[in-house]
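K.L.:
As input, take target10.pdb (PDB, C-alpha atoms):
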```pdb
ATOM      1  CA  MET A   1     155.470-128.215  65.422  1.00  0.00           C
ATOM      2  CA  LYS A   2     156.347-130.549  62.533  1.00  0.00           C
ATOM      3  CA  LYS A   3     158.085-127.704  60.676  1.00  0.00           C
ATOM      4  CA  MET A   4     160.070-126.785  63.783  1.00  0.00           C
ATOM      5  CA  LEU A   5     161.063-130.427  64.419  1.00  0.00           C
ATOM      6  CA  PHE A   6     162.077-130.853  60.766  1.00  0.00           C
ATOM      7  CA  GLY A   7     164.136-127.642  60.979  1.00  0.00           C
ATOM      8  CA  ILE A   8     165.970-128.884  64.084  1.00  0.00           C
ATOM      9  CA  ILE A   9     166.705-132.286  62.527  1.00  0.00           C
ATOM     10  CA  PHE A  10     167.844-130.679  59.261  1.00  0.00           C
ATOM     11  CA  SER A  11     170.142-128.297  61.180  1.00  0.00           C
ATOM     12  CA  MET A  12     171.624-131.223  63.129  1.00  0.00           C
ATOM     13  CA  VAL A  13     172.266-133.175  59.899  1.00  0.00           C
ATOM     14  CA  VAL A  14     173.939-130.145  58.279  1.00  0.00           C
ATOM     15  CA  MET A  15     176.065-129.576  61.412  1.00  0.00           C
ATOM     16  CA  SER A  16     177.004-133.262  61.472  1.00  0.00           C
ATOM     17  CA  MET A  17     178.046-133.159  57.808  1.00  0.00           C
ATOM     18  CA  LYS A  18     180.110-130.027  58.408  1.00  0.00           C
ATOM     19  CA  THR A  19     181.793-131.656  61.395  1.00  0.00           C
ATOM     20  CA  VAL A  20     182.714-134.767  59.383  1.00  0.00           C
ATOM     21  CA  CYS A  21     184.130-132.636  56.538  1.00  0.00           C
ATOM     22  CA  GLY A  22     185.881-130.331  58.993  1.00  0.00           C
ATOM     23  CA  GLN A  23     187.577-133.161  60.880  1.00  0.00           C
ATOM     24  CA  THR A  24     188.490-135.411  57.974  1.00  0.00           C
ATOM     25  CA  SER A  25     191.859-134.808  56.362  1.00  0.00           C
ATOM     26  CA  VAL A  26     193.610-136.639  53.541  1.00  0.00           C
ATOM     27  CA  THR A  27     197.291-136.824  52.641  1.00  0.00           C
ATOM     28  CA  ILE A  28     198.467-138.173  49.281  1.00  0.00           C
ATOM     29  CA  GLU A  29     202.007-139.550  49.242  1.00  0.00           C
ATOM     30  CA  ALA A  30     204.418-137.392  47.216  1.00  0.00           C
ATOM     31  CA  PHE A  31     204.880-138.479  43.578  1.00  0.00           C
ATOM     32  CA  THR A  32     205.497-136.624  40.312  1.00  0.00           C
ATOM     33  CA  VAL A  33     205.248-139.262  37.580  1.00  0.00           C
ATOM     34  CA  VAL A  34     203.213-142.329  36.665  1.00  0.00           C
ATOM     35  CA  SER A  35     204.460-144.682  33.956  1.00  0.00           C
ATOM     36  CA  THR A  36     202.701-146.427  31.113  1.00  0.00           C
ATOM     37  CA  ASN A  37     205.277-149.233  31.471  1.00  0.00           C
ATOM     38  CA  ALA A  38     204.739-150.109  35.127  1.00  0.00           C
ATOM     39  CA  SER A  39     202.291-149.542  37.957  1.00  0.00           C
ATOM     40  CA  THR A  40     202.932-147.097  40.806  1.00  0.00           C
ATOM     41  CA  ASN A  41     201.740-147.618  44.387  1.00  0.00           C
ATOM     42  CA  ILE A  42     200.601-144.430  46.142  1.00  0.00           C
ATOM     43  CA  ILE A  43     199.648-144.269  49.830  1.00  0.00           C
ATOM     44  CA  VAL A  44     196.557-142.209  50.611  1.00  0.00           C
ATOM     45  CA  THR A  45     196.185-141.517  54.342  1.00  0.00           C
ATOM     46  CA  ILE A  46     192.804-140.600  55.832  1.00  0.00           C
ATOM     47  CA  THR A  47     192.506-139.058  59.295  1.00  0.00           C
ATOM     48  CA  PRO A  48     190.586-140.201  61.280  1.00  0.00           C
ATOM     49  CA  SER A  49     191.409-143.737  60.192  1.00  0.00           C
ATOM     50  CA  ASN A  50     187.816-144.669  59.313  1.00  0.00           C
ATOM     51  CA  VAL A  51     185.210-142.285  57.939  1.00  0.00           C
ATOM     52  CA  THR A  52     181.505-142.910  57.437  1.00  0.00           C
ATOM     53  CA  GLU A  53     181.362-141.312  53.988  1.00  0.00           C
ATOM     54  CA  ASP A  54     183.280-142.258  50.853  1.00  0.00           C
ATOM     55  CA  VAL A  55     186.360-140.251  50.021  1.00  0.00           C
ATOM     56  CA  VAL A  56     186.458-140.190  46.218  1.00  0.00           C
ATOM     57  CA  VAL A  57     189.963-140.267  44.746  1.00  0.00           C
ATOM     58  CA  GLY A  58     190.027-139.332  41.070  1.00  0.00           C
ATOM     59  CA  LEU A  59     192.556-138.999  38.264  1.00  0.00           C
ATOM     60  CA  ARG A  60     192.048-136.414  35.538  1.00  0.00           C
ATOM     61  CA  CYS A  61     193.847-134.394  32.898  1.00  0.00           C
ATOM     62  CA  LEU A  62     194.156-130.650  33.524  1.00  0.00           C
ATOM     63  CA  GLN A  63     195.208-129.664  29.991  1.00  0.00           C
ATOM     64  CA  GLY A  64     196.330-131.253  26.747  1.00  0.00           C
ATOM     65  CA  SER A  65     196.221-135.049  26.687  1.00  0.00           C
ATOM     66  CA  GLY A  66     197.080-137.801  29.138  1.00  0.00           C
ATOM     67  CA  GLU A  67     195.298-140.511  31.077  1.00  0.00           C
ATOM     68  CA  ALA A  68     195.962-142.703  34.099  1.00  0.00           C
ATOM     69  CA  VAL A  69     193.779-145.350  35.751  1.00  0.00           C
ATOM     70  CA  PHE A  70     193.536-147.257  39.004  1.00  0.00           C
ATOM     71  CA  LEU A  71     194.342-150.963  38.958  1.00  0.00           C
ATOM     72  CA  PRO A  72     192.851-153.508  38.904  1.00  0.00           C
ATOM     73  CA  SER A  73     189.558-151.722  38.053  1.00  0.00           C
ATOM     74  CA  GLY A  74     190.850-149.659  35.128  1.00  0.00           C
ATOM     75  CA  ASN A  75     188.690-146.742  36.326  1.00  0.00           C
ATOM     76  CA  THR A  76     189.707-143.107  36.787  1.00  0.00           C
ATOM     77  CA  ALA A  77     188.010-142.853  40.201  1.00  0.00           C
ATOM     78  CA  THR A  78     187.818-145.011  43.309  1.00  0.00           C
ATOM     79  CA  ASN A  79     186.070-144.737  46.674  1.00  0.00           C
ATOM     80  CA  ILE A  80     187.873-145.318  49.985  1.00  0.00           C
ATOM     81  CA  ARG A  81     186.927-144.967  53.669  1.00  0.00           C
ATOM     82  CA  GLN A  82     190.282-145.660  55.287  1.00  0.00           C
ATOM     83  CA  SER A  83     193.990-145.205  54.607  1.00  0.00           C
ATOM     84  CA  THR A  84     195.039-147.404  51.721  1.00  0.00           C
ATOM     85  CA  THR A  85     197.612-147.977  48.999  1.00  0.00           C
ATOM     86  CA  LEU A  86     196.248-147.226  45.534  1.00  0.00           C
ATOM     87  CA  THR A  87     197.827-148.691  42.408  1.00  0.00           C
ATOM     88  CA  VAL A  88     197.970-146.359  39.399  1.00  0.00           C
ATOM     89  CA  LYS A  89     199.183-146.924  35.848  1.00  0.00           C
ATOM     90  CA  GLY A  90     199.487-144.548  32.924  1.00  0.00           C
ATOM     91  CA  LYS A  91     197.258-145.234  29.927  1.00  0.00           C
ATOM     92  CA  THR A  92     197.980-142.264  27.640  1.00  0.00           C
ATOM     93  CA  LEU A  93     201.210-140.249  27.743  1.00  0.00           C
ATOM     94  CA  SER A  94     201.054-136.638  28.911  1.00  0.00           C
ATOM     95  CA  ASN A  95     201.732-134.320  25.988  1.00  0.00           C
ATOM     96  CA  VAL A  96     202.917-131.584  28.375  1.00  0.00           C
ATOM     97  CA  ALA A  97     204.554-131.826  31.789  1.00  0.00           C
ATOM     98  CA  SER A  98     202.503-131.725  35.010  1.00  0.00           C
ATOM     99  CA  ASN A  99     199.130-131.857  33.279  1.00  0.00           C
ATOM    100  CA  MET A 100     197.536-134.598  35.403  1.00  0.00           C
ATOM    101  CA  ILE A 101     196.053-134.462  38.896  1.00  0.00           C
ATOM    102  CA  MET A 102     195.099-136.928  41.612  1.00  0.00           C
ATOM    103  CA  GLU A 103     192.343-135.402  43.710  1.00  0.00           C
ATOM    104  CA  ALA A 104     190.733-136.615  46.967  1.00  0.00           C
ATOM    105  CA  LYS A 105     187.238-135.258  47.653  1.00  0.00           C
ATOM    106  CA  LEU A 106     184.671-135.667  50.403  1.00  0.00           C
ATOM    107  CA  GLY A 107     181.395-134.555  48.878  1.00  0.00           C
ATOM    108  CA  THR A 108     182.291-131.344  47.033  1.00  0.00           C
ATOM    109  CA  ASN A 109     185.219-130.524  49.353  1.00  0.00           C
ATOM    110  CA  ILE A 110     188.675-131.098  47.864  1.00  0.00           C
ATOM    111  CA  LEU A 111     190.851-132.471  50.686  1.00  0.00           C
ATOM    112  CA  ALA A 112     194.125-133.189  48.849  1.00  0.00           C
ATOM    113  CA  THR A 113     195.690-132.970  45.380  1.00  0.00           C
ATOM    114  CA  LYS A 114     198.905-134.027  43.675  1.00  0.00           C
ATOM    115  CA  VAL A 115     199.945-132.930  40.170  1.00  0.00           C
ATOM    116  CA  PHE A 116     201.868-135.438  38.037  1.00  0.00           C
ATOM    117  CA  THR A 117     202.956-136.419  34.524  1.00  0.00           C
ATOM    118  CA  VAL A 118     202.275-139.675  32.647  1.00  0.00           C
ATOM    119  CA  ILE A 119     205.589-140.837  31.183  1.00  0.00           C
ATOM    120  CA  ASP A 120     207.144-143.759  29.316  1.00  0.00           C
ATOM    121  CA  THR A 121     210.237-144.990  31.167  1.00  0.00           C
ATOM    122  CA  ASP A 122     211.786-145.974  27.810  1.00  0.00           C
ATOM    123  CA  LYS A 123     211.766-142.328  26.698  1.00  0.00           C
ATOM    124  CA  ILE A 124     213.643-139.231  27.820  1.00  0.00           C
ATOM    125  CA  GLY A 125     211.694-136.807  30.022  1.00  0.00           C
ATOM    126  CA  PHE A 126     210.364-133.293  29.407  1.00  0.00           C
ATOM    127  CA  ALA A 127     213.237-131.655  31.336  1.00  0.00           C
ATOM    128  CA  GLN A 128     215.864-133.606  29.392  1.00  0.00           C
ATOM    129  CA  ALA A 129     214.219-132.732  26.060  1.00  0.00           C
ATOM    130  CA  ARG A 130     214.298-129.045  26.999  1.00  0.00           C
ATOM    131  CA  SER A 131     217.954-129.242  28.029  1.00  0.00           C
ATOM    132  CA  LEU A 132     218.930-130.964  24.762  1.00  0.00           C
ATOM    133  CA  ALA A 133     217.044-128.319  22.755  1.00  0.00           C
ATOM    134  CA  GLU A 134     218.773-125.511  24.662  1.00  0.00           C
ATOM    135  CA  GLN A 135     222.137-127.098  23.852  1.00  0.00           C
ATOM    136  CA  ALA A 136     221.150-127.444  20.178  1.00  0.00           C
ATOM    137  CA  ILE A 137     220.440-123.717  19.713  1.00  0.00           C
ATOM    138  CA  THR A 138     223.454-122.447  21.693  1.00  0.00           C
ATOM    139  CA  GLY A 139     225.475-120.105  19.459  1.00  0.00           C
ATOM    140  CA  ILE A 140     222.816-120.252  16.732  1.00  0.00           C
ATOM    141  CA  VAL A 141     219.713-118.611  18.166  1.00  0.00           C
ATOM    142  CA  GLN A 142     219.438-116.316  21.180  1.00  0.00           C
ATOM    143  CA  PRO A 143     215.905-116.505  22.651  1.00  0.00           C
ATOM    144  CA  GLU A 144     214.480-113.363  24.244  1.00  0.00           C
ATOM    145  CA  ALA A 145     215.280-113.056  27.941  1.00  0.00           C
ATOM    146  CA  GLY A 146     212.396-114.311  30.046  1.00  0.00           C
ATOM    147  CA  SER A 147     210.489-115.733  27.095  1.00  0.00           C
ATOM    148  CA  PRO A 148     208.420-118.900  27.672  1.00  0.00           C
ATOM    149  CA  ILE A 149     209.720-122.296  26.585  1.00  0.00           C
ATOM    150  CA  THR A 150     207.128-124.993  25.889  1.00  0.00           C
ATOM    151  CA  VAL A 151     207.852-128.710  25.616  1.00  0.00           C
ATOM    152  CA  GLU A 152     205.223-130.927  24.005  1.00  0.00           C
ATOM    153  CA  LEU A 153     205.229-134.631  23.240  1.00  0.00           C
ATOM    154  CA  THR A 154     203.777-135.302  19.803  1.00  0.00           C
ATOM    155  CA  THR A 155     200.882-137.668  19.219  1.00  0.00           C
ATOM    156  CA  GLY A 156     202.216-141.190  19.346  1.00  0.00           C
ATOM    157  CA  GLY A 157     205.047-140.080  21.608  1.00  0.00           C
ATOM    158  CA  ALA A 158     207.797-140.282  18.973  1.00  0.00           C
ATOM    159  CA  GLU A 159     209.297-136.830  19.485  1.00  0.00           C
ATOM    160  CA  TYR A 160     209.293-133.736  21.646  1.00  0.00           C
ATOM    161  CA  VAL A 161     208.761-130.317  20.125  1.00  0.00           C
ATOM    162  CA  VAL A 162     210.536-127.632  22.153  1.00  0.00           C
ATOM    163  CA  THR A 163     209.444-124.080  21.288  1.00  0.00           C
ATOM    164  CA  PHE A 164     211.360-120.985  22.365  1.00  0.00           C
ATOM    165  CA  GLU A 165     208.547-118.457  22.167  1.00  0.00           C
ATOM    166  CA  ASN A 166     208.828-114.728  21.509  1.00  0.00           C
ATOM    167  CA  ILE A 167     207.258-112.215  23.860  1.00  0.00           C
ATOM    168  CA  TYR A 168     204.433-110.310  22.179  1.00  0.00           C
ATOM    169  CA  GLU A 169     204.975-106.570  21.913  1.00  0.00           C
ATOM    170  CA  GLU A 170     202.310-104.324  20.436  1.00  0.00           C
ATOM    171  CA  GLY A 171     203.458-102.700  17.216  1.00  0.00           C
ATOM    172  CA  VAL A 172     206.536-104.951  16.893  1.00  0.00           C
ATOM    173  CA  LEU A 173     206.495-107.423  14.015  1.00  0.00           C
ATOM    174  CA  LYS A 174     208.094-110.771  14.823  1.00  0.00           C
ATOM    175  CA  GLY A 175     207.254-114.451  14.644  1.00  0.00           C
ATOM    176  CA  ASP A 176     205.640-116.499  17.395  1.00  0.00           C
ATOM    177  CA  PHE A 177     208.936-118.200  18.199  1.00  0.00           C
ATOM    178  CA  SER A 178     212.662-117.660  17.871  1.00  0.00           C
ATOM    179  CA  ALA A 179     213.371-121.383  17.486  1.00  0.00           C
ATOM    180  CA  GLN A 180     211.609-124.732  17.481  1.00  0.00           C
ATOM    181  CA  VAL A 181     213.578-127.938  18.027  1.00  0.00           C
ATOM    182  CA  ARG A 182     212.427-131.532  17.485  1.00  0.00           C
ATOM    183  CA  ILE A 183     214.014-134.111  19.813  1.00  0.00           C
ATOM    184  CA  GLY A 184     213.651-137.889  19.426  1.00  0.00           C
ATOM    185  CA  ALA A 185     211.755-139.124  22.487  1.00  0.00           C
ATOM    186  CA  SER A 186     213.604-142.452  22.608  1.00  0.00           C
ATOM    187  CA  SER A 187     217.022-141.485  21.228  1.00  0.00           C
ATOM    188  CA  GLY A 188     217.380-137.941  22.528  1.00  0.00           C
ATOM    189  CA  ASN A 189     218.767-136.956  19.126  1.00  0.00           C
ATOM    190  CA  VAL A 190     217.995-133.585  17.523  1.00  0.00           C
ATOM    191  CA  LEU A 191     215.706-134.454  14.611  1.00  0.00           C
ATOM    192  CA  GLY A 192     215.293-130.947  13.273  1.00  0.00           C
ATOM    193  CA  MET A 193     215.458-127.254  14.082  1.00  0.00           C
ATOM    194  CA  GLU A 194     213.554-124.300  12.703  1.00  0.00           C
ATOM    195  CA  ARG A 195     214.416-120.676  13.293  1.00  0.00           C
ATOM    196  CA  GLY A 196     211.624-118.183  13.672  1.00  0.00           C
ATOM    197  CA  PRO A 197     210.808-115.768  10.853  1.00  0.00           C
TER     198      PRO A 197
END
```
Take the structure in this file and express it as structure tokens.
P.N.:
Amino acid sequence: MKKMLFGIIFSMVVMSMKTVCGQTSVTIEAFTVVSTNASTNIIVTITPSNVTEDVVVGLRCLQGSGEAVFLPSGNTATNIRQSTTLTVKGKTLSNVASNMIMEAKLGTNILATKVFTVIDTDKIGFAQARSLAEQAITGIVQPEAGSPITVELTTGGAEYVVTFENIYEEGVLKGDFSAQVRIGASSGNVLGMERGP
């Protein structure tokens, strides 16, 4: 009898938890960047308006380096139970674009995500650095059609390194890249260019 009663109660608890997770939805306001120079307010909407379990909203780096925190706590995670405006500020610049994520979870269920980049508003952006590098190699180097282009911000954030990669082909000898251009992160000036071997 006790085992049967325990089984019924356990089943009801599991069903209740599933219902809460199934009915709760979260929307994170659209944003693509967070600055190290200023805070950004982001609206997180929970439906229904009040939940009985904490929705954990976290900030983490997906690849490379970068860090952002919630204010005023300075933590990378915060718990909420109703729609609220969260204040976020960048702590460490992203070294590649779109390498950060804000994630809202209820238990182990991910309810919403937004990918973003930590920037410095006093510096040019990743897209501008790429465009300047493309202009710099025009008429000098012709990258392979469809080859990847990577843009990385160096440690300390002084310059971008834009690499026009070569596509690997088995049995074909060539360097890893056709060109690599260094762009000043604050000035936007071309600081140097190297052609691939």
K.L.:
What does the PyMOL selection byres ((chain A and resi 78) around 7) select in this file, as a PyMOL selection string?
P.N.:
chain A and resi 56-58+77+79-80
K.L.:
Need the shell around range 104-121 of chain A: protein/DNA/RNA residues with any atom at most 10 Å away, counting all atoms listed in the file. Skip same-chain ones fewer than 2 positions apart. Format as an MDAnalysis selection string?
P.N.:
chainID A and resid 17 20:22 24:38 44 46 53:62 65:68 77:80 89:102 123:126 157 185:186
K.L.:
For Glu194 in chain A, which residue among A:Val151, A:Leu71, A:Ile42, A:Ala133 is the nearest when counting all atoms listed in the file?
P.N.:
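Selected residue with least distance to Glu194 in chain A: A:Ala133.
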K.L.:
Range 96-107 of chain A, all listed atoms, 8 Å padding on each side: what axis-aligned box centre and edge lengths in Å to one decimal come out, as JSON?
P.N.:
```
{"center_x": 193.0, "center_y": -134.3, "center_z": 39.4, "size_x": 39.2, "size_y": 21.3, "size_z": 38.0}
```
K.L.:
Tell me which protein, DNA and RNA residues are within 10 Å of Asn166 in chain A, counting all atoms listed in the file, leaving out same-chain ones fewer than 3 positions away, and put them as a ChimeraX atom specification.
P.N.:
/A:143-149,163,169,174-179,196
K.L.:
Find the residue from A:Gln135, A:Leu153, A:Ala127, A:Phe70 that sits nearest to Gly184 in chain A; use all atoms listed in the file when measuring.
P.N.:
A:Leu153
K.L.:
Figure out the distance between CA of Thr150 in chain A and CA of Glu165 in chain A, please, to one decimal in Å.
P.N.:
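Computing the Euclidean distance for CA of Glu165 in chain A and CA of Thr150 in chain A yields 7.7 Å.
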K.L.:
How many Å separate CA of Thr85 in chain A from CA of Thr52 in chain A?
P.N.:
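Calculated distance between CA of Thr85 in chain A and CA of Thr52 in chain A is 18.9 Å.
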K.L.:
Measuring atom to atom with only C-alpha atoms, identify which of A:Gln180, A:Asn41, A:Ser73, A:Gln63 is nearest to Arg130 in chain A.
P.N.:
A:Gln180
K.L.:
Which distance in Å separates CA of Asp122 in chain A and CA of Phe164 in chain A, to one decimal?
P.N.:
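Straight-line distance from CA of Asp122 in chain A to CA of Phe164 in chain A works out to 25.6 Å.
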K.L.:
Name the residues that the PyMOL selection byres ((chain A and resi 159) around 10) pulls out of this structure, and write them as a list in words.
P.N.:
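Checking the PyMOL selection byres ((chain A and resi 159) around 10) against this file, the residues are Lys123, Ile124, Ala129, Glu152, Leu153, Thr154, Thr155, Gly156, Gly157, Ala158, Tyr160, Val161, Val162, Val181, Arg182, Ile183, Gly184, Ala185, Ser186, Ser187, Gly188, Asn189, Val190 and Leu191 of chain A.
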K.L.:
Given only C-alpha atoms as the basis, pick out the residue of A:Gly64, A:Val69, A:Gln142, A:Ser49 nearest to Ser83 in chain A.
P.N.:
A:Ser49
